[in-house]
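Colleague: Data file coords_13.csv (CSV, N, CA and C atoms and all ligand atoms) is appended below.
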chain,number,residue,atom,x,y,z
U,6,MET,N,84.1,93.5,120.8
U,6,MET,CA,85.5,93.8,120.8
U,6,MET,C,86.2,92.5,120.3
U,7,CYS,N,87.0,92.7,119.3
U,7,CYS,CA,87.8,91.5,118.7
U,7,CYS,C,88.9,91.1,119.7
U,8,ALA,N,88.9,89.8,120.0
U,8,ALA,CA,89.9,89.3,121.0
U,8,ALA,C,91.3,89.3,120.4
U,9,VAL,N,91.4,89.3,119.1
U,9,VAL,CA,92.7,89.3,118.5
U,9,VAL,C,93.4,90.6,118.3
U,10,CYS,N,92.6,91.6,117.8
U,10,CYS,CA,93.2,92.9,117.5
U,10,CYS,C,92.7,94.0,118.4
U,11,ASP,N,91.7,93.8,119.3
U,11,ASP,CA,91.1,94.7,120.2
U,11,ASP,C,90.4,95.9,119.5
U,12,GLU,N,90.0,95.6,118.2
U,12,GLU,CA,89.2,96.6,117.5
U,12,GLU,C,87.7,96.2,117.7
U,13,LEU,N,86.9,97.1,117.3
U,13,LEU,CA,85.5,96.9,117.5
U,13,LEU,C,84.9,95.8,116.6
U,14,GLY,N,83.9,95.1,117.0
U,14,GLY,CA,83.1,94.2,116.2
U,14,GLY,C,83.7,92.9,115.8
U,15,GLU,N,83.8,92.0,116.8
U,15,GLU,CA,84.2,90.6,116.4
U,15,GLU,C,83.0,89.8,116.0
U,16,ASP,N,83.0,89.6,114.7
U,16,ASP,CA,82.1,88.6,114.1
U,16,ASP,C,82.9,87.7,113.2
U,17,ASN,N,82.3,86.7,112.6
U,17,ASN,CA,83.1,85.8,111.7
U,17,ASN,C,83.7,86.6,110.5
U,18,THR,N,83.0,87.5,109.9
U,18,THR,CA,83.6,88.3,108.8
U,18,THR,C,84.8,89.1,109.3
U,19,HIS,N,84.7,89.7,110.4
U,19,HIS,CA,85.8,90.5,110.9
U,19,HIS,C,87.0,89.5,111.2
U,20,LEU,N,86.7,88.4,111.9
U,20,LEU,CA,87.8,87.5,112.4
U,20,LEU,C,88.5,86.9,111.2
U,21,PHE,N,87.8,86.5,110.2
U,21,PHE,CA,88.4,85.7,109.1
U,21,PHE,C,88.9,86.6,107.9
U,22,PHE,N,88.2,87.7,107.7
U,22,PHE,CA,88.5,88.5,106.5
U,22,PHE,C,89.0,89.9,106.7
U,23,VAL,N,88.8,90.5,107.9
U,23,VAL,CA,89.2,91.9,108.1
U,23,VAL,C,90.2,92.1,109.2
U,24,CYS,N,90.2,91.2,110.2
U,24,CYS,CA,91.2,91.4,111.3
U,24,CYS,C,92.6,91.6,110.8
U,25,SER,N,93.3,92.6,111.3
U,25,SER,CA,94.6,92.9,110.8
U,25,SER,C,95.6,91.8,111.0
U,26,ASN,N,95.6,91.1,112.1
U,26,ASN,CA,96.6,90.0,112.3
U,26,ASN,C,96.3,88.8,111.3
U,27,ASN,N,95.0,88.5,111.1
U,27,ASN,CA,94.7,87.4,110.2
U,27,ASN,C,94.9,87.8,108.7
U,28,MET,N,94.8,89.1,108.5
U,28,MET,CA,95.1,89.6,107.1
U,28,MET,C,96.5,89.2,106.7
U,29,LEU,N,97.5,89.3,107.6
U,29,LEU,CA,98.8,88.9,107.4
U,29,LEU,C,98.9,87.4,107.1
U,30,CYS,N,98.1,86.6,107.8
U,30,CYS,CA,98.1,85.2,107.6
U,30,CYS,C,97.6,84.9,106.2
U,31,ARG,N,96.5,85.5,105.8
U,31,ARG,CA,96.0,85.3,104.4
U,31,ARG,C,97.0,85.7,103.3
U,32,GLN,N,97.7,86.8,103.6
U,32,GLN,CA,98.8,87.2,102.6
U,32,GLN,C,99.9,86.1,102.5
U,33,ARG,N,100.2,85.5,103.7
U,33,ARG,CA,101.3,84.5,103.7
U,33,ARG,C,100.9,83.2,103.0
U,34,ILE,N,99.7,82.9,103.0
U,34,ILE,CA,99.3,81.6,102.4
U,34,ILE,C,99.1,81.7,100.9
U,35,GLY,N,99.3,82.9,100.3
U,35,GLY,CA,99.3,83.1,98.9
U,35,GLY,C,97.9,83.1,98.2
U,36,LEU,N,96.9,83.3,99.0
U,36,LEU,CA,95.5,83.3,98.5
U,36,LEU,C,94.9,84.7,98.5
U,37,TRP,N,95.7,85.7,98.8
U,37,TRP,CA,95.1,87.0,98.9
U,37,TRP,C,94.3,87.4,97.7
U,38,SER,N,94.9,87.3,96.5
U,38,SER,CA,94.2,87.8,95.3
U,38,SER,C,92.9,87.0,95.1
U,39,PRO,N,92.9,85.6,95.1
U,39,PRO,CA,91.6,85.0,94.8
U,39,PRO,C,90.6,85.2,95.9
U,40,LEU,N,91.0,85.4,97.1
U,40,LEU,CA,90.1,85.7,98.2
U,40,LEU,C,89.4,87.0,98.0
U,41,MET,N,90.2,88.0,97.7
U,41,MET,CA,89.7,89.4,97.6
U,41,MET,C,88.9,89.5,96.3
U,42,ALA,N,89.1,88.7,95.3
U,42,ALA,CA,88.4,88.7,94.1
U,42,ALA,C,86.9,88.2,94.3
U,43,ALA,N,86.8,87.3,95.2
U,43,ALA,CA,85.5,86.7,95.5
U,43,ALA,C,84.8,87.4,96.7
U,44,PHE,N,85.5,88.1,97.5
U,44,PHE,CA,84.9,88.6,98.8
U,44,PHE,C,84.0,89.8,98.5
U,45,ASP,N,82.8,89.8,99.1
U,45,ASP,CA,81.8,90.8,98.9
U,45,ASP,C,81.6,91.4,100.3
U,46,THR,N,81.9,92.7,100.5
U,46,THR,CA,81.8,93.4,101.8
U,46,THR,C,80.3,93.4,102.2
U,47,ASN,N,79.4,93.3,101.3
U,47,ASN,CA,78.0,93.4,101.7
U,47,ASN,C,77.3,92.0,102.0
U,48,ALA,N,78.1,90.9,101.7
U,48,ALA,CA,77.6,89.6,101.9
U,48,ALA,C,77.9,89.1,103.3
U,49,ASN,N,77.1,88.1,103.8
U,49,ASN,CA,77.4,87.6,105.1
U,49,ASN,C,78.6,86.5,105.0
U,50,PHE,N,79.0,86.1,106.2
U,50,PHE,CA,80.2,85.2,106.2
U,50,PHE,C,80.0,83.9,105.4
U,51,PRO,N,78.9,83.1,105.6
U,51,PRO,CA,78.8,81.9,104.8
U,51,PRO,C,78.7,82.1,103.3
U,52,THR,N,78.1,83.2,102.9
U,52,THR,CA,78.0,83.5,101.5
U,52,THR,C,79.4,83.8,100.9
U,53,ASN,N,80.2,84.5,101.7
U,53,ASN,CA,81.6,84.8,101.3
U,53,ASN,C,82.4,83.5,101.2
U,54,VAL,N,82.3,82.7,102.2
U,54,VAL,CA,83.1,81.4,102.2
U,54,VAL,C,82.8,80.6,101.0
U,55,PHE,N,81.5,80.4,100.7
U,55,PHE,CA,81.1,79.5,99.6
U,55,PHE,C,81.5,80.2,98.3
U,56,ALA,N,81.4,81.5,98.2
U,56,ALA,CA,81.8,82.2,96.9
U,56,ALA,C,83.3,82.0,96.7
U,57,ILE,N,84.1,82.1,97.8
U,57,ILE,CA,85.5,82.0,97.7
U,57,ILE,C,85.9,80.6,97.3
U,58,LEU,N,85.2,79.6,97.9
U,58,LEU,CA,85.5,78.2,97.6
U,58,LEU,C,85.3,77.9,96.1
U,59,GLN,N,84.3,78.5,95.6
U,59,GLN,CA,84.0,78.3,94.1
U,59,GLN,C,85.1,78.8,93.2
U,60,HIS,N,85.9,79.8,93.7
U,60,HIS,CA,86.9,80.4,92.9
U,60,HIS,C,88.3,79.7,93.1
U,61,LEU,N,88.4,78.7,94.0
U,61,LEU,CA,89.7,78.1,94.3
U,61,LEU,C,89.8,76.7,93.7
U,62,ASP,N,91.0,76.3,93.4
U,62,ASP,CA,91.2,74.9,93.0
U,62,ASP,C,91.2,74.0,94.2
U,63,GLN,N,91.4,72.7,94.0
U,63,GLN,CA,91.3,71.7,95.1
U,63,GLN,C,92.3,72.0,96.2
U,64,GLN,N,93.5,72.2,95.8
U,64,GLN,CA,94.6,72.5,96.8
U,64,GLN,C,94.4,73.8,97.5
U,65,GLN,N,94.0,74.8,96.8
U,65,GLN,CA,93.7,76.1,97.4
U,65,GLN,C,92.5,76.0,98.4
U,66,LYS,N,91.5,75.2,98.1
U,66,LYS,CA,90.4,75.0,99.0
U,66,LYS,C,90.9,74.3,100.3
U,67,GLN,N,91.9,73.4,100.2
U,67,GLN,CA,92.4,72.8,101.4
U,67,GLN,C,93.2,73.8,102.3
U,68,VAL,N,94.0,74.6,101.6
U,68,VAL,CA,94.8,75.6,102.3
U,68,VAL,C,93.8,76.6,103.0
U,69,PHE,N,92.8,77.1,102.3
U,69,PHE,CA,91.9,78.0,102.8
U,69,PHE,C,91.1,77.4,104.0
U,70,SER,N,90.7,76.2,103.9
U,70,SER,CA,89.9,75.6,105.0
U,70,SER,C,90.8,75.4,106.3
U,71,VAL,N,92.0,74.9,106.1
U,71,VAL,CA,92.8,74.7,107.3
U,71,VAL,C,93.2,76.1,107.9
U,72,THR,N,93.4,77.1,107.1
U,72,THR,CA,93.7,78.4,107.6
U,72,THR,C,92.6,79.0,108.4
U,73,LEU,N,91.3,78.8,107.9
U,73,LEU,CA,90.2,79.2,108.7
U,73,LEU,C,90.2,78.5,110.1
U,74,TRP,N,90.5,77.2,110.1
U,74,TRP,CA,90.5,76.5,111.3
U,74,TRP,C,91.6,77.1,112.2
U,75,SER,N,92.8,77.4,111.7
U,75,SER,CA,93.9,77.8,112.5
U,75,SER,C,93.6,79.2,113.0
U,76,ILE,N,93.0,80.1,112.2
U,76,ILE,CA,92.6,81.4,112.7
U,76,ILE,C,91.6,81.3,113.9
U,77,ARG,N,90.6,80.4,113.8
U,77,ARG,CA,89.7,80.2,114.9
U,77,ARG,C,90.4,79.7,116.1
U,78,LYS,N,91.3,78.7,115.9
U,78,LYS,CA,92.0,78.1,117.0
U,78,LYS,C,92.8,79.2,117.7
U,79,HIS,N,93.5,80.1,116.9
U,79,HIS,CA,94.3,81.1,117.5
U,79,HIS,C,93.4,82.1,118.3
U,80,ARG,N,92.2,82.4,117.8
U,80,ARG,CA,91.3,83.3,118.5
U,80,ARG,C,90.9,82.7,119.8
U,81,ASN,N,90.6,81.4,119.8
U,81,ASN,CA,90.2,80.7,121.0
U,81,ASN,C,91.3,80.6,122.0
U,82,ASN,N,92.5,80.4,121.6
U,82,ASN,CA,93.7,80.3,122.5
U,82,ASN,C,93.9,81.7,123.1
U,83,LYS,N,93.6,82.7,122.4
U,83,LYS,CA,93.8,84.1,122.9
U,83,LYS,C,92.7,84.3,124.0
U,84,VAL,N,91.5,83.9,123.7
U,84,VAL,CA,90.4,84.2,124.7
U,84,VAL,C,90.5,83.3,125.9
U,85,TRP,N,90.8,82.0,125.7
U,85,TRP,CA,90.7,81.0,126.8
U,85,TRP,C,92.0,80.8,127.5
U,86,ASN,N,93.1,81.1,126.9
U,86,ASN,CA,94.4,80.8,127.5
U,86,ASN,C,95.3,82.0,127.5
U,87,ASN,N,94.8,83.2,127.0
U,87,ASN,CA,95.6,84.4,126.9
U,87,ASN,C,96.9,84.2,126.2
U,88,PHE,N,96.9,83.4,125.1
U,88,PHE,CA,98.1,83.0,124.4
U,88,PHE,C,98.0,83.6,123.0
U,89,THR,N,99.0,84.4,122.6
U,89,THR,CA,99.0,85.1,121.4
U,89,THR,C,100.0,84.5,120.5
U,90,GLU,N,99.7,84.3,119.2
U,90,GLU,CA,100.7,83.9,118.2
U,90,GLU,C,100.8,84.9,117.1
U,91,ILE,N,102.0,84.9,116.4
U,91,ILE,CA,102.1,85.8,115.3
U,91,ILE,C,101.5,85.1,114.1
U,92,ALA,N,101.3,85.9,113.0
U,92,ALA,CA,100.7,85.3,111.8
U,92,ALA,C,101.4,84.1,111.2
U,93,GLN,N,102.8,84.2,111.3
U,93,GLN,CA,103.5,83.0,110.8
U,93,GLN,C,103.2,81.7,111.5
U,94,ALA,N,103.0,81.8,112.8
U,94,ALA,CA,102.7,80.6,113.6
U,94,ALA,C,101.3,80.1,113.2
U,95,ILE,N,100.4,81.0,113.0
U,95,ILE,CA,99.0,80.6,112.7
U,95,ILE,C,99.1,79.8,111.3
U,96,CYS,N,99.8,80.4,110.4
U,96,CYS,CA,100.0,79.7,109.1
U,96,CYS,C,100.7,78.4,109.2
U,97,ASP,N,101.7,78.3,110.1
U,97,ASP,CA,102.5,77.1,110.3
U,97,ASP,C,101.6,76.0,110.8
U,98,HIS,N,100.7,76.3,111.8
U,98,HIS,CA,99.8,75.4,112.3
U,98,HIS,C,98.9,74.8,111.2
U,99,ALA,N,98.4,75.7,110.4
U,99,ALA,CA,97.5,75.3,109.3
U,99,ALA,C,98.3,74.4,108.3
U,100,GLY,N,99.5,74.8,108.0
U,100,GLY,CA,100.3,73.9,107.1
U,100,GLY,C,100.6,72.5,107.7
U,101,SER,N,100.8,72.5,109.0
U,101,SER,CA,101.1,71.2,109.7
U,101,SER,C,99.8,70.3,109.6
U,102,LEU,N,98.7,70.9,109.9
U,102,LEU,CA,97.4,70.2,109.9
U,102,LEU,C,97.2,69.6,108.5
U,103,LEU,N,97.4,70.5,107.5
U,103,LEU,CA,97.2,70.0,106.1
U,103,LEU,C,98.1,68.9,105.7
U,104,THR,N,99.4,69.0,106.1
U,104,THR,CA,100.3,68.0,105.8
U,104,THR,C,99.9,66.6,106.4
U,105,SER,N,99.5,66.7,107.7
U,105,SER,CA,99.1,65.5,108.4
U,105,SER,C,97.9,64.9,107.7
U,106,TRP,N,96.9,65.7,107.3
U,106,TRP,CA,95.7,65.3,106.7
U,106,TRP,C,96.0,64.6,105.4
U,107,ARG,N,96.9,65.2,104.6
U,107,ARG,CA,97.3,64.7,103.3
U,107,ARG,C,98.0,63.3,103.5
U,108,ASN,N,98.9,63.2,104.5
U,108,ASN,CA,99.6,62.0,104.7
U,108,ASN,C,98.6,60.9,105.1
U,109,THR,N,97.6,61.2,105.9
U,109,THR,CA,96.6,60.3,106.3
U,109,THR,C,95.8,59.8,105.1
U,110,GLN,N,95.5,60.7,104.2
U,110,GLN,CA,94.8,60.3,103.0
U,110,GLN,C,95.6,59.3,102.1
U,111,ILE,N,96.9,59.5,102.1
U,111,ILE,CA,97.8,58.6,101.3
U,111,ILE,C,97.8,57.2,102.0
U,112,ILE,N,97.9,57.2,103.3
U,112,ILE,CA,97.9,55.9,104.0
U,112,ILE,C,96.5,55.2,103.9
U,113,ARG,N,95.4,55.9,104.0
U,113,ARG,CA,94.1,55.3,103.8
U,113,ARG,C,93.8,54.9,102.4
U,114,HIS,N,94.3,55.7,101.4
U,114,HIS,CA,93.9,55.4,100.0
U,114,HIS,C,95.2,55.3,99.2
U,115,PRO,N,96.1,54.3,99.4
U,115,PRO,CA,97.4,54.3,98.7
U,115,PRO,C,97.2,54.2,97.2
U,116,ILE,N,98.0,54.8,96.5
U,116,ILE,CA,98.0,54.8,95.0
U,116,ILE,C,98.7,53.4,94.6
U,117,PRO,N,97.9,52.6,93.9
U,117,PRO,CA,98.5,51.3,93.5
U,117,PRO,C,99.7,51.4,92.6
U,201,ZN,ZN,90.3,91.7,114.9
In structure tokens, write the structure found in this file.

Modeller:
Amino acid sequence: MCAVCDELGEDNTHLFFVCSNNMLCRQRIGLWSPLMAAFDTNANFPTNVFAILQHLDQQQKQVFSVTLWSIRKHRNNKVWNNFTEIAQAICDHAGSLLTSWRNTQIIRHPIP
């Protein structure tokens, strides 16, 4: 049983690509079309992730990666803390993490 949507079958493919709440998140980050173009319903989760990454540019890869992290974090918060967030909050967390990471990269590797 999926902890996020209470539908059957929580595995990584469901959580990150099929779960209704997380589908809204993927639509909000603007990667819906490239994700669905590369997604194969018959492939396993790692195969889909690597196929999707090959179809994205560098910035899209960053957004995709932090969104996966935020979706997993939301799922864990729901399971361990009974704390539910809306799709916008999940996307906002991903955006904040990415902004922090990018700022850290600028500090570590300043452009001369
Ligand atoms: Zn679900």

Colleague: Using all atoms listed in the file, find each residue of chain U with at least one atom at most 7 Å away from an atom of ligand ZN 201 (chain U); report its shortest atom-to-atom pair and that distance in Å (one decimal), sort the rows by chain and rising residue number, and return the result as a tab-separated table.

Modeller:
residue	atom	partner	partner_atom	distance
U:Met6	C	U:ZN201	ZN	6.8
U:Cys7	CA	U:ZN201	ZN	4.6
U:Ala8	N	U:ZN201	ZN	5.6
U:Val9	C	U:ZN201	ZN	4.7
U:Cys10	N	U:ZN201	ZN	3.7
U:Asp11	N	U:ZN201	ZN	5.1
U:Glu12	N	U:ZN201	ZN	5.1
U:Leu13	N	U:ZN201	ZN	6.8
U:Gly14	C	U:ZN201	ZN	6.8
U:Glu15	CA	U:ZN201	ZN	6.4
U:His19	C	U:ZN201	ZN	5.4
U:Leu20	CA	U:ZN201	ZN	5.5
U:Val23	C	U:ZN201	ZN	5.7
U:Cys24	CA	U:ZN201	ZN	3.7
U:Ser25	N	U:ZN201	ZN	4.8
U:Asn26	N	U:ZN201	ZN	6.0
U:Asn27	N	U:ZN201	ZN	6.8

Colleague: In terms of the shortest atom-to-atom distance over only C-alpha atoms, which of U:Pro51, U:Trp74, U:Leu61, U:Leu40 is closest to Cys96 in chain U?

Modeller: U:Trp74

Colleague: Report the distance between CA of Gln65 in chain U and CA of Asn81 in chain U in Å, rounded to one decimal place.

Modeller: 24.3 Å

Colleague: Could you state the separation of atom C of Arg113 in chain U and CA of Gln67 in chain U in Å, given to one decimal place?

Modeller: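 Between atom C of Arg113 in chain U and CA of Gln67 in chain U the gap is 18.0 Å.
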
Colleague: So, counting only C-alpha atoms, which residue among U:Thr18, U:Gln59, U:His98, U:Lys83 is closest to Asp45 in chain U?

Modeller: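 Selected residue with least distance to Asp45 in chain U: U:Thr18.
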
Colleague: Please give the complete set of residues from chain U that DSSP, run on the backbone, assigns to helix (DSSP H, G or I), formatted as a ChimeraX atom specification.

Modeller: /U:17-23,25-33,37-43,50-60,63-86,92-113

Colleague: Closest to Ile76 in chain U among U:Leu29, U:Ile95, U:Ala43, U:Asn53, using all atoms listed in the file?

Modeller: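 Closest to Ile76 in chain U, using all atoms listed in the file: U:Ile95.
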
Colleague: Using Å and a single decimal, report how far CA of Thr89 in chain U sits from CA of Trp106 in chain U.

Modeller: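 Answer for the CA of Trp106 in chain U to CA of Thr89 in chain U separation: 24.9 Å.
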
Colleague: Name the residues in contact with Ser101 in chain U at a cut-off of 12 Å, using only C-alpha atoms, excluding same-chain residues fewer than 6 positions from it; report them as a list in words.

Modeller: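 Neighbouring residues, sequence-local ones excluded: Val68, Val71, Thr72, Trp74, Ser75, Ala94, Ile95, Arg107 and Asn108 of chain U.
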
Colleague: For those residues, write N, CA and C atoms to a file as a JSON list (two decimals), keeping the file's coordinate frame.

Modeller:
[["chain", "number", "residue", "atom", "x", "y", "z"],
["U", 68, "VAL", "N", 94.00, 74.60, 101.60],
["U", 68, "VAL", "CA", 94.80, 75.60, 102.30],
["U", 68, "VAL", "C", 93.80, 76.60, 103.00],
["U", 71, "VAL", "N", 92.00, 74.90, 106.10],
["U", 71, "VAL", "CA", 92.80, 74.70, 107.30],
["U", 71, "VAL", "C", 93.20, 76.10, 107.90],
["U", 72, "THR", "N", 93.40, 77.10, 107.10],
["U", 72, "THR", "CA", 93.70, 78.40, 107.60],
["U", 72, "THR", "C", 92.60, 79.00, 108.40],
["U", 74, "TRP", "N", 90.50, 77.20, 110.10],
["U", 74, "TRP", "CA", 90.50, 76.50, 111.30],
["U", 74, "TRP", "C", 91.60, 77.10, 112.20],
["U", 75, "SER", "N", 92.80, 77.40, 111.70],
["U", 75, "SER", "CA", 93.90, 77.80, 112.50],
["U", 75, "SER", "C", 93.60, 79.20, 113.00],
["U", 94, "ALA", "N", 103.00, 81.80, 112.80],
["U", 94, "ALA", "CA", 102.70, 80.60, 113.60],
["U", 94, "ALA", "C", 101.30, 80.10, 113.20],
["U", 95, "ILE", "N", 100.40, 81.00, 113.00],
["U", 95, "ILE", "CA", 99.00, 80.60, 112.70],
["U", 95, "ILE", "C", 99.10, 79.80, 111.30],
["U", 107, "ARG", "N", 96.90, 65.20, 104.60],
["U", 107, "ARG", "CA", 97.30, 64.70, 103.30],
["U", 107, "ARG", "C", 98.00, 63.30, 103.50],
["U", 108, "ASN", "N", 98.90, 63.20, 104.50],
["U", 108, "ASN", "CA", 99.60, 62.00, 104.70],
["U", 108, "ASN", "C", 98.60, 60.90, 105.10]]
